[in-house]
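Novice: Hey, dropping final_35.pdb in here, PDB, C-alpha atoms:
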```pdb
ATOM      1  CA  MET A1203     -19.175  15.635  -6.359
ATOM      2  CA  THR A1204     -19.812  12.329  -8.113
ATOM      3  CA  TYR A1205     -17.659   9.236  -7.635
ATOM      4  CA  SER A1206     -16.345   9.482 -11.209
ATOM      5  CA  LYS A1207     -15.192  13.093 -10.645
ATOM      6  CA  ILE A1208     -13.504  12.137  -7.376
ATOM      7  CA  ARG A1209     -11.848   9.174  -9.104
ATOM      8  CA  LYS A1210     -10.574  11.409 -11.925
ATOM      9  CA  LYS A1211      -9.030  13.846  -9.437
ATOM     10  CA  TRP A1212      -7.485  10.939  -7.523
ATOM     11  CA  ASP A1213      -6.027   9.435 -10.702
ATOM     12  CA  ALA A1214      -4.669  12.863 -11.732
ATOM     13  CA  LEU A1215      -2.836  13.213  -8.389
ATOM     14  CA  ARG A1216      -1.092   9.875  -8.906
ATOM     15  CA  LEU A1217      -0.540  10.125 -12.663
ATOM     16  CA  GLY A1218       2.991   9.133 -13.642
ATOM     17  CA  LYS A1219       4.168   8.701 -10.051
ATOM     18  CA  VAL A1220       5.749   5.644  -8.485
ATOM     19  CA  THR A1221       3.470   4.706  -5.568
ATOM     20  CA  ALA A1222       4.159   2.844  -2.326
ATOM     21  CA  SER A1223       1.692   0.087  -3.157
ATOM     22  CA  GLN A1224       4.009  -0.923  -6.016
ATOM     23  CA  PHE A1225       7.427  -0.460  -4.366
ATOM     24  CA  SER A1226       7.804  -4.236  -4.101
ATOM     25  CA  CYS A1227       7.880  -4.416  -7.934
ATOM     26  CA  PHE A1228      11.350  -2.917  -8.131
ATOM     27  CA  ILE A1229      12.956  -3.541  -4.741
ATOM     28  CA  SER A1230      13.951  -7.136  -5.470
ATOM     29  CA  ASN A1231      17.252  -7.924  -7.189
ATOM     30  CA  GLN A1232      18.990  -5.024  -5.447
ATOM     31  CA  GLY A1233      22.324  -4.347  -7.082
ATOM     32  CA  LYS A1234      21.202  -6.157 -10.242
ATOM     33  CA  ALA A1235      19.121  -5.334 -13.300
ATOM     34  CA  PHE A1236      15.397  -4.793 -12.820
ATOM     35  CA  GLY A1237      13.233  -7.890 -13.275
ATOM     36  CA  GLU A1238      10.057  -8.312 -15.314
ATOM     37  CA  PRO A1239       7.666  -6.917 -12.654
ATOM     38  CA  ALA A1240       9.732  -3.717 -12.470
ATOM     39  CA  LYS A1241       9.886  -3.445 -16.257
ATOM     40  CA  ARG A1242       6.096  -3.854 -16.555
ATOM     41  CA  TYR A1243       5.538  -1.240 -13.873
ATOM     42  CA  ALA A1244       8.012   1.156 -15.538
ATOM     43  CA  LEU A1245       6.138   0.747 -18.832
ATOM     44  CA  GLN A1246       2.835   1.439 -17.097
ATOM     45  CA  ILE A1247       4.193   4.663 -15.548
ATOM     46  CA  ALA A1248       5.868   5.765 -18.802
ATOM     47  CA  LEU A1249       2.616   5.312 -20.718
ATOM     48  CA  LYS A1250       0.744   7.351 -18.094
ATOM     49  CA  ILE A1251       3.287  10.156 -18.461
ATOM     50  CA  ILE A1252       3.180  10.068 -22.283
ATOM     51  CA  THR A1253      -0.593   9.740 -22.718
ATOM     52  CA  GLY A1254      -1.660  11.685 -19.647
ATOM     53  CA  LYS A1255      -4.121   9.005 -18.644
ATOM     54  CA  LYS A1256      -4.295   5.813 -16.633
ATOM     55  CA  SER A1257      -3.755   2.602 -18.574
ATOM     56  CA  GLU A1258      -5.274  -0.713 -17.592
ATOM     57  CA  PHE A1259      -2.803  -3.533 -16.979
ATOM     58  CA  SER A1260      -4.869  -5.602 -14.560
ATOM     59  CA  PHE A1261      -6.285  -9.059 -14.989
ATOM     60  CA  THR A1262      -9.726 -10.119 -13.751
ATOM     61  CA  ASN A1263      -8.311 -11.560 -10.528
ATOM     62  CA  ASP A1264      -6.664  -8.221  -9.752
ATOM     63  CA  HIS A1265      -9.986  -6.448 -10.299
ATOM     64  CA  MET A1266     -11.808  -8.973  -8.113
ATOM     65  CA  PHE A1267      -9.221  -8.465  -5.352
ATOM     66  CA  ILE A1268      -9.506  -4.678  -5.613
ATOM     67  CA  LEU A1269     -13.324  -4.814  -5.515
ATOM     68  CA  ARG A1270     -13.200  -7.086  -2.466
ATOM     69  CA  GLY A1271     -10.879  -4.616  -0.736
ATOM     70  CA  HIS A1272     -13.079  -1.607  -1.561
ATOM     71  CA  LYS A1273     -16.115  -3.345  -0.099
ATOM     72  CA  GLN A1274     -14.439  -4.698   3.023
ATOM     73  CA  GLU A1275     -11.952  -1.935   3.890
ATOM     74  CA  PRO A1276     -14.566   0.371   5.516
ATOM     75  CA  ILE A1277     -15.745  -2.520   7.707
ATOM     76  CA  ALA A1278     -12.180  -3.353   8.762
ATOM     77  CA  ARG A1279     -11.479   0.323   9.486
ATOM     78  CA  ARG A1280     -14.579   0.608  11.682
ATOM     79  CA  LEU A1281     -13.646  -2.557  13.618
ATOM     80  CA  TYR A1282     -10.111  -1.252  14.107
ATOM     81  CA  GLU A1283     -11.472   2.051  15.447
ATOM     82  CA  GLU A1284     -13.829   0.254  17.842
ATOM     83  CA  ILE A1285     -11.190  -2.163  19.136
ATOM     84  CA  ASN A1286      -8.509   0.508  19.581
ATOM     85  CA  PHE A1287     -10.755   3.425  20.664
ATOM     86  CA  VAL A1288      -9.310   5.721  17.988
ATOM     87  CA  ASP A1289     -10.536   7.748  15.041
ATOM     88  CA  VAL A1290      -8.958   7.057  11.679
ATOM     89  CA  THR A1291      -8.875   9.900   9.163
ATOM     90  CA  ASN A1292      -8.516   9.684   5.407
ATOM     91  CA  GLY A1293      -4.960   8.856   4.343
ATOM     92  CA  GLY A1294      -5.008  11.179   1.344
ATOM     93  CA  PHE A1295      -2.025  11.272  -0.999
ATOM     94  CA  PHE A1296       1.497  12.218   0.111
ATOM     95  CA  ASP A1297       3.019  13.737  -3.029
ATOM     96  CA  CYS A1298       6.812  13.455  -2.991
ATOM     97  CA  GLY A1299       7.494  14.590  -6.559
ATOM     98  CA  ASP A1300       8.173  11.560  -8.761
ATOM     99  CA  TYR A1301       6.676   9.215  -6.176
ATOM    100  CA  GLY A1302       4.014   9.210  -3.516
ATOM    101  CA  ASP A1303       1.922   7.287  -1.058
ATOM    102  CA  SER A1304      -1.732   6.860  -0.187
ATOM    103  CA  PRO A1305      -2.070   5.067   3.150
ATOM    104  CA  ASP A1306      -5.462   3.617   4.046
ATOM    105  CA  GLY A1307      -5.775   5.912   7.036
ATOM    106  CA  LEU A1308      -4.015   8.168   9.523
ATOM    107  CA  VAL A1309      -4.170   7.749  13.301
ATOM    108  CA  GLY A1310      -3.358  10.818  15.385
ATOM    109  CA  ASP A1311      -0.121  12.601  14.486
ATOM    110  CA  ASP A1312       2.129   9.530  14.384
ATOM    111  CA  GLY A1313       0.268   6.520  13.004
ATOM    112  CA  ILE A1314      -0.887   4.943   9.778
ATOM    113  CA  ILE A1315      -3.111   1.974   9.017
ATOM    114  CA  GLU A1316      -2.696  -0.342   6.055
ATOM    115  CA  ILE A1317      -5.645  -2.691   5.518
ATOM    116  CA  LYS A1318      -5.436  -5.878   3.503
ATOM    117  CA  SER A1319      -8.653  -7.754   2.849
ATOM    118  CA  VAL A1320      -7.236 -11.210   2.286
ATOM    119  CA  THR A1321      -8.254 -14.789   1.570
ATOM    120  CA  ALA A1322      -8.656 -17.304   4.373
ATOM    121  CA  PRO A1323      -5.280 -19.086   3.818
ATOM    122  CA  VAL A1324      -3.360 -15.786   3.843
ATOM    123  CA  HIS A1325      -5.185 -14.588   6.958
ATOM    124  CA  TYR A1326      -4.622 -17.910   8.724
ATOM    125  CA  ALA A1327      -0.870 -17.710   8.025
ATOM    126  CA  THR A1328      -0.836 -14.159   9.393
ATOM    127  CA  LEU A1329      -2.617 -15.262  12.578
ATOM    128  CA  GLU A1330      -0.332 -18.278  12.953
ATOM    129  CA  HIS A1331       2.877 -16.215  12.572
ATOM    130  CA  GLU A1332       1.512 -13.303  14.632
ATOM    131  CA  SER A1333       3.077 -10.945  12.119
ATOM    132  CA  PHE A1334       2.245  -9.263   8.841
ATOM    133  CA  ASP A1335       2.469 -11.048   5.494
ATOM    134  CA  PRO A1336       6.042 -10.461   4.197
ATOM    135  CA  ALA A1337       4.651 -10.091   0.660
ATOM    136  CA  TYR A1338       3.483  -6.633   1.782
ATOM    137  CA  LYS A1339       6.715  -5.596   3.533
ATOM    138  CA  TRP A1340       7.704  -2.718   1.259
ATOM    139  CA  GLN A1341       4.390  -0.878   1.380
ATOM    140  CA  PRO A1342       4.612  -0.051   5.118
ATOM    141  CA  ILE A1343       8.279   0.879   4.617
ATOM    142  CA  GLY A1344       7.096   3.178   1.834
ATOM    143  CA  HIS A1345       4.578   4.672   4.259
ATOM    144  CA  PHE A1346       7.402   5.457   6.692
ATOM    145  CA  ASP A1347       9.511   7.034   3.969
ATOM    146  CA  CYS A1348       6.799   9.111   2.298
ATOM    147  CA  THR A1349       4.884  10.283   5.367
ATOM    148  CA  GLY A1350       7.579  10.562   8.049
ATOM    149  CA  ARG A1351       5.216   8.948  10.556
ATOM    150  CA  ASP A1352       6.417   6.723  13.406
ATOM    151  CA  TRP A1353       4.307   3.579  13.180
ATOM    152  CA  VAL A1354       2.100   1.539  10.848
ATOM    153  CA  ASP A1355      -0.619  -0.817  11.986
ATOM    154  CA  PHE A1356      -0.788  -3.538   9.355
ATOM    155  CA  ILE A1357      -4.335  -4.920   9.387
ATOM    156  CA  SER A1358      -5.263  -8.305   7.954
ATOM    157  CA  TYR A1359      -9.021  -8.735   7.568
ATOM    158  CA  CYS A1360     -10.966 -11.809   6.458
ATOM    159  CA  THR A1361     -14.730 -12.266   6.767
ATOM    160  CA  ASP A1362     -14.411 -16.054   6.361
ATOM    161  CA  PHE A1363     -13.296 -16.328  10.009
ATOM    162  CA  LEU A1364     -15.396 -16.151  13.151
ATOM    163  CA  GLU A1365     -15.964 -12.586  14.307
ATOM    164  CA  THR A1366     -13.237 -12.714  16.966
ATOM    165  CA  GLY A1367     -10.608 -13.762  14.428
ATOM    166  CA  GLN A1368     -11.555 -11.612  11.433
ATOM    167  CA  LEU A1369      -9.203  -8.733  12.239
ATOM    168  CA  MET A1370      -5.510  -9.062  13.089
ATOM    169  CA  THR A1371      -3.247  -6.064  13.662
ATOM    170  CA  HIS A1372       0.537  -6.009  13.712
ATOM    171  CA  ARG A1373       2.353  -2.755  14.544
ATOM    172  CA  LEU A1374       5.596  -1.841  12.805
ATOM    173  CA  TYR A1375       7.819   0.964  14.112
ATOM    174  CA  ARG A1376       9.858   3.284  11.888
ATOM    175  CA  LYS A1377      12.908   2.986  14.171
ATOM    176  CA  ASP A1378      13.108  -0.761  13.389
ATOM    177  CA  TYR A1379      13.234  -0.249   9.606
ATOM    178  CA  GLN A1380      15.863   2.468   9.087
ATOM    179  CA  GLU A1381      18.088   0.218   6.955
ATOM    180  CA  GLU A1382      15.165  -0.863   4.754
ATOM    181  CA  ILE A1383      14.056   2.758   4.317
ATOM    182  CA  GLN A1384      17.546   3.629   3.019
ATOM    183  CA  GLN A1385      17.511   0.589   0.696
ATOM    184  CA  LEU A1386      14.139   1.688  -0.643
ATOM    185  CA  GLN A1387      15.325   5.259  -1.247
ATOM    186  CA  ILE A1388      18.369   4.101  -3.227
ATOM    187  CA  ARG A1389      16.489   1.530  -5.302
ATOM    188  CA  ARG A1390      13.563   3.882  -5.953
ATOM    189  CA  THR A1391      15.947   6.554  -7.296
ATOM    190  CA  GLN A1392      17.464   3.943  -9.616
ATOM    191  CA  PHE A1393      13.991   2.867 -10.728
ATOM    192  CA  ILE A1394      12.837   6.428 -11.442
ATOM    193  CA  ASP A1395      15.995   6.965 -13.531
ATOM    194  CA  PHE A1396      15.208   3.688 -15.342
ATOM    195  CA  ILE A1397      11.758   4.916 -16.351
TER     196      ILE A1397
END
```
Reformat the file's structure so that it appears as structure tokens.

Specialist:
Amino acid sequence: MTYSKIRKKWDALRLGKVTASQFSCFISNQGKAFGEPAKRYALQIALKIITGKKSEFSFTNDHMFILRGHKQEPIARRLYEEINFVDVTNGGFFDCGDYGDSPDGLVGDDGIIEIKSVTAPVHYATLEHESFDPAYKWQPIGHFDCTGRDWVDFISYCTDFLETGQLMTHRLYRKDYQEEIQQLQIRRTQFIDFI
């Protein structure tokens, strides 16, 4: 099967669904009206539902970031497997009706990996804080909610660093984010109704 056929099937699975990678668009301003990022995302989803096809809303920088991630994610995954002595399987797509999730990989029966191929300043801040970048907080919480798995290894990867500092992993546990999972569920329902 060619890449374009695989991509079409992948896009069809996600068509018109709210996905975990975009949960941060609508989670802010809880208890208030949705902001501009949520409105733009709602429009994007509505157009996908109406037209039956993916619309392009990205700017060049978004495309450059996505291309960087596609090139570097397999390298980061392999390093993670080697360091942790595990096999990572394809994350697939967890279809939850009006929403879903596509983690970067699954580890055993309980784990997930989320890889971010980031710039040097972002990676340095992650190393310095010994935690994950809070800008990505709602995606791992979405992983917990959509997959039911127990932990997420958030991986920050940057090739600009020396080999020993290129990969940083921070583990998040589902049990520590129960309140956030409930907040996400409530706000996501409101967002889906808004669409």

Novice: Counting only C-alpha atoms, which of A:Gly1233, A:Tyr1205, A:Ile1357, A:Asp1347 gets nearest to Glu1283 in chain A?

Specialist: A:Ile1357

Novice: What lies within 7 Å of Ala1244 in chain A using all atoms listed in the file, ignoring chain neighbours under 4 positions off, as number ranges by chain?

Specialist: A: 1240, 1248, 1397

Novice: Wanna dump the range 1311-1351 of chain A-range 1369-1387 of chain A contacts at 8 Å for me, each residue with its shortest atom pair and the distance in Å to one decimal, counting only C-alpha atoms, ordered by chain and number, as JSON lines?

Specialist:
```
{"residue": "A:Thr1328", "atom": "CA", "partner": "A:Met1370", "partner_atom": "CA", "distance": 7.8}
{"residue": "A:Leu1329", "atom": "CA", "partner": "A:Met1370", "partner_atom": "CA", "distance": 6.9}
{"residue": "A:Glu1332", "atom": "CA", "partner": "A:His1372", "partner_atom": "CA", "distance": 7.4}
{"residue": "A:Ser1333", "atom": "CA", "partner": "A:His1372", "partner_atom": "CA", "distance": 5.8}
{"residue": "A:Phe1334", "atom": "CA", "partner": "A:His1372", "partner_atom": "CA", "distance": 6.1}
{"residue": "A:Pro1342", "atom": "CA", "partner": "A:Leu1374", "partner_atom": "CA", "distance": 8.0}
{"residue": "A:Ile1343", "atom": "CA", "partner": "A:Ile1383", "partner_atom": "CA", "distance": 6.1}
{"residue": "A:Gly1344", "atom": "CA", "partner": "A:Ile1383", "partner_atom": "CA", "distance": 7.4}
{"residue": "A:Phe1346", "atom": "CA", "partner": "A:Arg1376", "partner_atom": "CA", "distance": 6.1}
{"residue": "A:Asp1347", "atom": "CA", "partner": "A:Ile1383", "partner_atom": "CA", "distance": 6.2}
{"residue": "A:Arg1351", "atom": "CA", "partner": "A:Arg1376", "partner_atom": "CA", "distance": 7.4}
```

Novice: Smallest atom-to-atom distance to Glu1316 in chain A: which of A:Asp1355, A:Asp1297, A:Glu1330, A:Asp1395, using all atoms listed in the file?

Specialist: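 For Glu1316 in chain A, the nearest of the given residues is A:Asp1355.
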
Novice: What lies within 10 Å of Pro1239 in chain A using all atoms listed in the file, ignoring chain neighbours under 5 positions off, as a list in words?

Specialist: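 Near Pro1239 in chain A, the qualifying residues are Gln1224, Ser1226, Cys1227, Phe1228, Ser1230, Ala1244 and Leu1245 of chain A.
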
Novice: Of the candidates A:Gln1232, A:Cys1360, A:Gly1218, A:Gly1350, which one gets nearest to Ile1252 in chain A if we count only C-alpha atoms?

Specialist: A:Gly1218

Novice: For this file, the PyMOL selection byres ((chain A and resi 1298) around 12) selects which residues, as number ranges by chain?

Specialist: A: 1215-1216, 1219-1222, 1295-1297, 1299-1304, 1344-1345, 1347-1350, 1387

Novice: Taking the file as I've supplied it (selection: the PyMOL selection byres ((chain A and resi 1317) around 10)), which residues are included? Please answer as a count of residues only.

Specialist: 24

Novice: Between CA of Ser1223 in chain A and CA of Val1324 in chain A, what is the spacing in Å?

Specialist: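 Straight-line distance from CA of Val1324 in chain A to CA of Ser1223 in chain A works out to 18.1 Å.
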
Novice: Measuring between only C-alpha atoms, which one of A:Leu1308, A:Ala1214, A:Ile1208, A:Ala1322 shows the shortest distance to Lys1256 in chain A?

Specialist: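 The shortest atom-to-atom distance to Lys1256 in chain A comes from A:Ala1214.
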
Novice: Counting only C-alpha atoms, figure out which residue out of A:Arg1209, A:Lys1234, A:Tyr1338, A:Leu1281 gets nearest to Thr1366 in chain A.

Specialist: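 Looking only at the distances to Thr1366 in chain A, the closest residue turns out to be A:Leu1281.
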
Novice: What is the distance between CA of Trp1340 in chain A and CA of Thr1361 in chain A, in Å to one decimal?

Specialist: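 Taking CA of Trp1340 in chain A and CA of Thr1361 in chain A, their separation equals 25.0 Å.
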
Novice: Which is closer to Val1309 in chain A than all the others in A:Pro1323, A:Gly1254, A:Glu1284, A:Val1354, using all atoms listed in the file?

Specialist: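 Answer, going by the shortest atom-to-atom distance: A:Val1354.
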
Novice: What is the CA of Lys1273 in chain A-CA of Lys1339 in chain A distance in Å, reported with one decimal?

Specialist: 23.2 Å

Novice: Centre and edge lengths of an axis-aligned box around all listed atoms of range 1381-1394 of chain A, with 3 Å added on each side, are to be given in Å to one decimal, as AutoDock Vina command-line options.

Specialist:
```
--center_x 15.6 --center_y 2.8 --center_z -2.2 --size_x 11.5 --size_y 13.4 --size_z 24.4
```

Novice: Will you model N, CA and C atoms for range 1274-1296 of chain A and pass it back as a tab-separated table (two decimals), in the coordinates of the input?

Specialist:
```
chain	number	residue	atom	x	y	z
A	1274	GLN	N	-14.71	-4.27	1.66
A	1274	GLN	CA	-14.44	-4.70	3.02
A	1274	GLN	C	-13.57	-3.72	3.83
A	1275	GLU	N	-12.84	-2.86	3.17
A	1275	GLU	CA	-11.95	-1.94	3.89
A	1275	GLU	C	-12.70	-1.05	4.89
A	1276	PRO	N	-13.85	-0.46	4.52
A	1276	PRO	CA	-14.57	0.37	5.52
A	1276	PRO	C	-14.99	-0.42	6.76
A	1277	ILE	N	-15.35	-1.67	6.57
A	1277	ILE	CA	-15.74	-2.52	7.71
A	1277	ILE	C	-14.54	-2.77	8.60
A	1278	ALA	N	-13.41	-3.11	7.99
A	1278	ALA	CA	-12.18	-3.35	8.76
A	1278	ALA	C	-11.75	-2.09	9.50
A	1279	ARG	N	-11.85	-0.95	8.86
A	1279	ARG	CA	-11.48	0.32	9.49
A	1279	ARG	C	-12.35	0.59	10.72
A	1280	ARG	N	-13.67	0.38	10.56
A	1280	ARG	CA	-14.58	0.61	11.68
A	1280	ARG	C	-14.26	-0.32	12.85
A	1281	LEU	N	-14.01	-1.60	12.56
A	1281	LEU	CA	-13.65	-2.56	13.62
A	1281	LEU	C	-12.36	-2.13	14.32
A	1282	TYR	N	-11.38	-1.72	13.54
A	1282	TYR	CA	-10.11	-1.25	14.11
A	1282	TYR	C	-10.35	-0.07	15.04
A	1283	GLU	N	-11.17	0.89	14.61
A	1283	GLU	CA	-11.47	2.05	15.45
A	1283	GLU	C	-12.14	1.63	16.75
A	1284	GLU	N	-13.10	0.71	16.65
A	1284	GLU	CA	-13.83	0.25	17.84
A	1284	GLU	C	-12.92	-0.49	18.81
A	1285	ILE	N	-12.09	-1.36	18.29
A	1285	ILE	CA	-11.19	-2.16	19.14
A	1285	ILE	C	-10.13	-1.30	19.81
A	1286	ASN	N	-9.62	-0.30	19.08
A	1286	ASN	CA	-8.51	0.51	19.58
A	1286	ASN	C	-8.93	1.86	20.15
A	1287	PHE	N	-10.24	2.16	20.13
A	1287	PHE	CA	-10.76	3.42	20.66
A	1287	PHE	C	-10.05	4.63	20.04
A	1288	VAL	N	-9.94	4.63	18.72
A	1288	VAL	CA	-9.31	5.72	17.99
A	1288	VAL	C	-10.19	6.13	16.81
A	1289	ASP	N	-9.92	7.31	16.29
A	1289	ASP	CA	-10.54	7.75	15.04
A	1289	ASP	C	-9.48	7.68	13.96
A	1290	VAL	N	-9.85	7.14	12.83
A	1290	VAL	CA	-8.96	7.06	11.68
A	1290	VAL	C	-9.44	8.07	10.65
A	1291	THR	N	-8.53	8.92	10.19
A	1291	THR	CA	-8.88	9.90	9.16
A	1291	THR	C	-8.38	9.42	7.81
A	1292	ASN	N	-8.88	10.04	6.77
A	1292	ASN	CA	-8.52	9.68	5.41
A	1292	ASN	C	-7.01	9.82	5.22
A	1293	GLY	N	-6.40	8.83	4.57
A	1293	GLY	CA	-4.96	8.86	4.34
A	1293	GLY	C	-4.51	9.88	3.32
A	1294	GLY	N	-5.38	10.21	2.37
A	1294	GLY	CA	-5.01	11.18	1.34
A	1294	GLY	C	-3.86	10.68	0.48
A	1295	PHE	N	-3.17	11.61	-0.16
A	1295	PHE	CA	-2.02	11.27	-1.00
A	1295	PHE	C	-0.84	12.14	-0.60
A	1296	PHE	N	0.27	11.51	-0.23
A	1296	PHE	CA	1.50	12.22	0.11
A	1296	PHE	C	2.32	12.32	-1.17
```
